[in-house]
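Enquirer: I have a structure I would like to understand better, so I am pasting it below and will then ask my questions one at a time.
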Amino acid sequence: MFKKLTIALALSASMLSYTNMTFANSDVDAAQLEAVITAKIAATSKGSESIEDIMSTIHSGSPVALETRAQMEQILPAVDMNASLVEFSFVGQAGDYAVAKIKEKAEKITGPAQFKSNEMEQLIVFKQEDGQWKIWQASVLDIKYL
């Protein structure tokens, strides 16, 4: 009895946390979100490598903005890669935030042995800045080394 009640309460609580999230038919244009990701990925690829272009896709108030810049300042000079968007799926919108699930591929051309070609799945949280969707934060779901 206690186990069933605990499960029922947990399910109810998890459902309540999603009541403010809209799916599929929201006012967010998924193509705008996908364009942000595509721009960020293009800016990491050989021939386009631009920290400023990458940072233009990151919300200036993001808690990971400074860390992202620091990582890109280390990676871009050391590694040449071809990056591409493999999958994009709009998840939903909750208040000021939108969420998408992506899969991106990074294929190393040259660089240190520590950097390996990979395919990474992520949940990306977006937030608008000056009327434009920007990346707020990302969470890695899975990474496969190629």
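Residues in the structure tokens are named by chain (A, B, ... in the order shown) and by number from 1 within that chain; ligands are numbered from 1 in the order shown.
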Using only C-alpha atoms, determine which residues lie at most 6 Å from region 92-108 of chain A, disregarding the query and same-chain residues fewer than 3 positions distant; provide the list as a list in words.
Expert: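 Residues near the query, excluding close chain neighbours: Asn20, Met21, Thr22, Phe23, Met81, Asn82, Ala83, Ser84, Leu85, Val86, Glu87, Phe88, Ser89, Ser117, Asn118, Glu119, Met120, Glu121, Gln122, Leu123, Ile124, Val125, Phe126 and Lys127 of chain A.
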Enquirer: For region 133-138 of chain A, work out the shell of residues within 9 Å, counting only C-alpha atoms and skipping chain neighbours fewer than 2 positions away, then give it as a VMD selection string.
Expert: chain A and resid 32 to 33 36 to 37 56 to 65 97 to 98 122 to 131 140
Enquirer: Can you spit out the residues from that selection as a PDB file, in the first residue's frame, using C-alpha atoms?
Expert:
ATOM      1  CA  GLN A  32      14.535  29.654 -35.188  1.00  0.00           C
ATOM      2  CA  LEU A  33      15.967  27.373 -32.511  1.00  0.00           C
ATOM      3  CA  VAL A  36      20.794  29.006 -33.626  1.00  0.00           C
ATOM      4  CA  ILE A  37      22.217  25.499 -33.255  1.00  0.00           C
ATOM      5  CA  SER A  56      26.757  35.290 -30.629  1.00  0.00           C
ATOM      6  CA  THR A  57      24.596  32.163 -30.243  1.00  0.00           C
ATOM      7  CA  ILE A  58      25.028  32.077 -26.431  1.00  0.00           C
ATOM      8  CA  HIS A  59      22.831  34.275 -24.206  1.00  0.00           C
ATOM      9  CA  SER A  60      25.075  36.907 -22.559  1.00  0.00           C
ATOM     10  CA  GLY A  61      23.507  36.164 -19.152  1.00  0.00           C
ATOM     11  CA  SER A  62      23.951  32.410 -19.457  1.00  0.00           C
ATOM     12  CA  PRO A  63      25.635  30.766 -16.482  1.00  0.00           C
ATOM     13  CA  VAL A  64      27.906  28.939 -18.960  1.00  0.00           C
ATOM     14  CA  ALA A  65      28.856  31.871 -21.228  1.00  0.00           C
ATOM     15  CA  TYR A  97      12.582  29.094 -21.955  1.00  0.00           C
ATOM     16  CA  ALA A  98      12.422  26.698 -24.891  1.00  0.00           C
ATOM     17  CA  GLN A 122      22.174  17.094 -25.779  1.00  0.00           C
ATOM     18  CA  LEU A 123      19.198  18.879 -24.329  1.00  0.00           C
ATOM     19  CA  ILE A 124      19.563  22.565 -25.150  1.00  0.00           C
ATOM     20  CA  VAL A 125      17.735  25.246 -23.164  1.00  0.00           C
ATOM     21  CA  PHE A 126      17.145  28.526 -25.015  1.00  0.00           C
ATOM     22  CA  LYS A 127      16.178  31.961 -23.706  1.00  0.00           C
ATOM     23  CA  GLN A 128      15.443  35.111 -25.672  1.00  0.00           C
ATOM     24  CA  GLU A 129      17.804  38.062 -25.627  1.00  0.00           C
ATOM     25  CA  ASP A 130      16.813  41.233 -27.493  1.00  0.00           C
ATOM     26  CA  GLY A 131      14.058  39.298 -29.264  1.00  0.00           C
ATOM     27  CA  VAL A 140      24.875  16.178 -22.444  1.00  0.00           C
TER      28      VAL A 140
END
Enquirer: Apply DSSP to the structure's backbone, then extract all residues of region 34-122 of chain A labelled helix (DSSP H, G or I) and return them as a PyMOL selection string.
Expert: chain A and resi 34-44+51-55+65-78
Enquirer: What does the structure give for the distance between CA of Gln132 (chain A) and CA of Ala31 (chain A), in Å to one decimal?
Expert: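 Distance reported for this atom pair: 12.3 Å.
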Enquirer: So that I can see what lies close to Val79 (chain A), please list as a list of chain:residue names the residues with an atom at most 8 Å from it, counting only C-alpha atoms and leaving out residues fewer than 5 positions away in the same chain.
Expert: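 Using only C-alpha atoms, the neighbours found are A:Lys108, A:Ile109, A:Thr110, A:Gly111, A:Pro112, A:Phe115.
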Enquirer: In region 14-90 of chain A, what's strand (DSSP E or B) per DSSP? Answer as a list in words?
Expert: Met21, Thr22, Ile58, Asp80, Met81, Asn82, Ala83, Ser84, Leu85, Val86, Glu87, Phe88, Ser89 and Phe90 of chain A
Enquirer: Using C-alpha atoms, can you export the residues from the last selection as a PDB file, in the first residue's frame?
Expert:
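Now in again_28.pdb:
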ATOM      1  CA  MET A  21       5.159  23.387 -20.471  1.00  0.00           C
ATOM      2  CA  THR A  22       3.584  23.491 -23.901  1.00  0.00           C
ATOM      3  CA  ILE A  58      25.028  32.077 -26.431  1.00  0.00           C
ATOM      4  CA  ASP A  80      40.358  21.303 -36.789  1.00  0.00           C
ATOM      5  CA  MET A  81      37.037  19.538 -37.133  1.00  0.00           C
ATOM      6  CA  ASN A  82      33.983  19.222 -39.292  1.00  0.00           C
ATOM      7  CA  ALA A  83      30.870  19.570 -37.188  1.00  0.00           C
ATOM      8  CA  SER A  84      27.314  18.896 -38.288  1.00  0.00           C
ATOM      9  CA  LEU A  85      23.796  18.717 -36.921  1.00  0.00           C
ATOM     10  CA  VAL A  86      22.541  15.139 -37.188  1.00  0.00           C
ATOM     11  CA  GLU A  87      19.133  15.498 -35.476  1.00  0.00           C
ATOM     12  CA  PHE A  88      17.009  18.321 -34.099  1.00  0.00           C
ATOM     13  CA  SER A  89      13.793  17.869 -32.143  1.00  0.00           C
ATOM     14  CA  PHE A  90      11.769  20.644 -30.503  1.00  0.00           C
TER      15      PHE A  90
END
Enquirer: Rounded to one decimal, what separation in Å do you get between CA of Lys46 (chain A) and CA of Leu76 (chain A)?
Expert: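 That distance, rounded to one decimal, is 8.9 Å.
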Enquirer: To one decimal place, how far is CA of Gln71 (chain A) from CA of Gly47 (chain A) in Å?
Expert: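 Pair CA of Gln71 (chain A) / CA of Gly47 (chain A) returns 18.5 Å.
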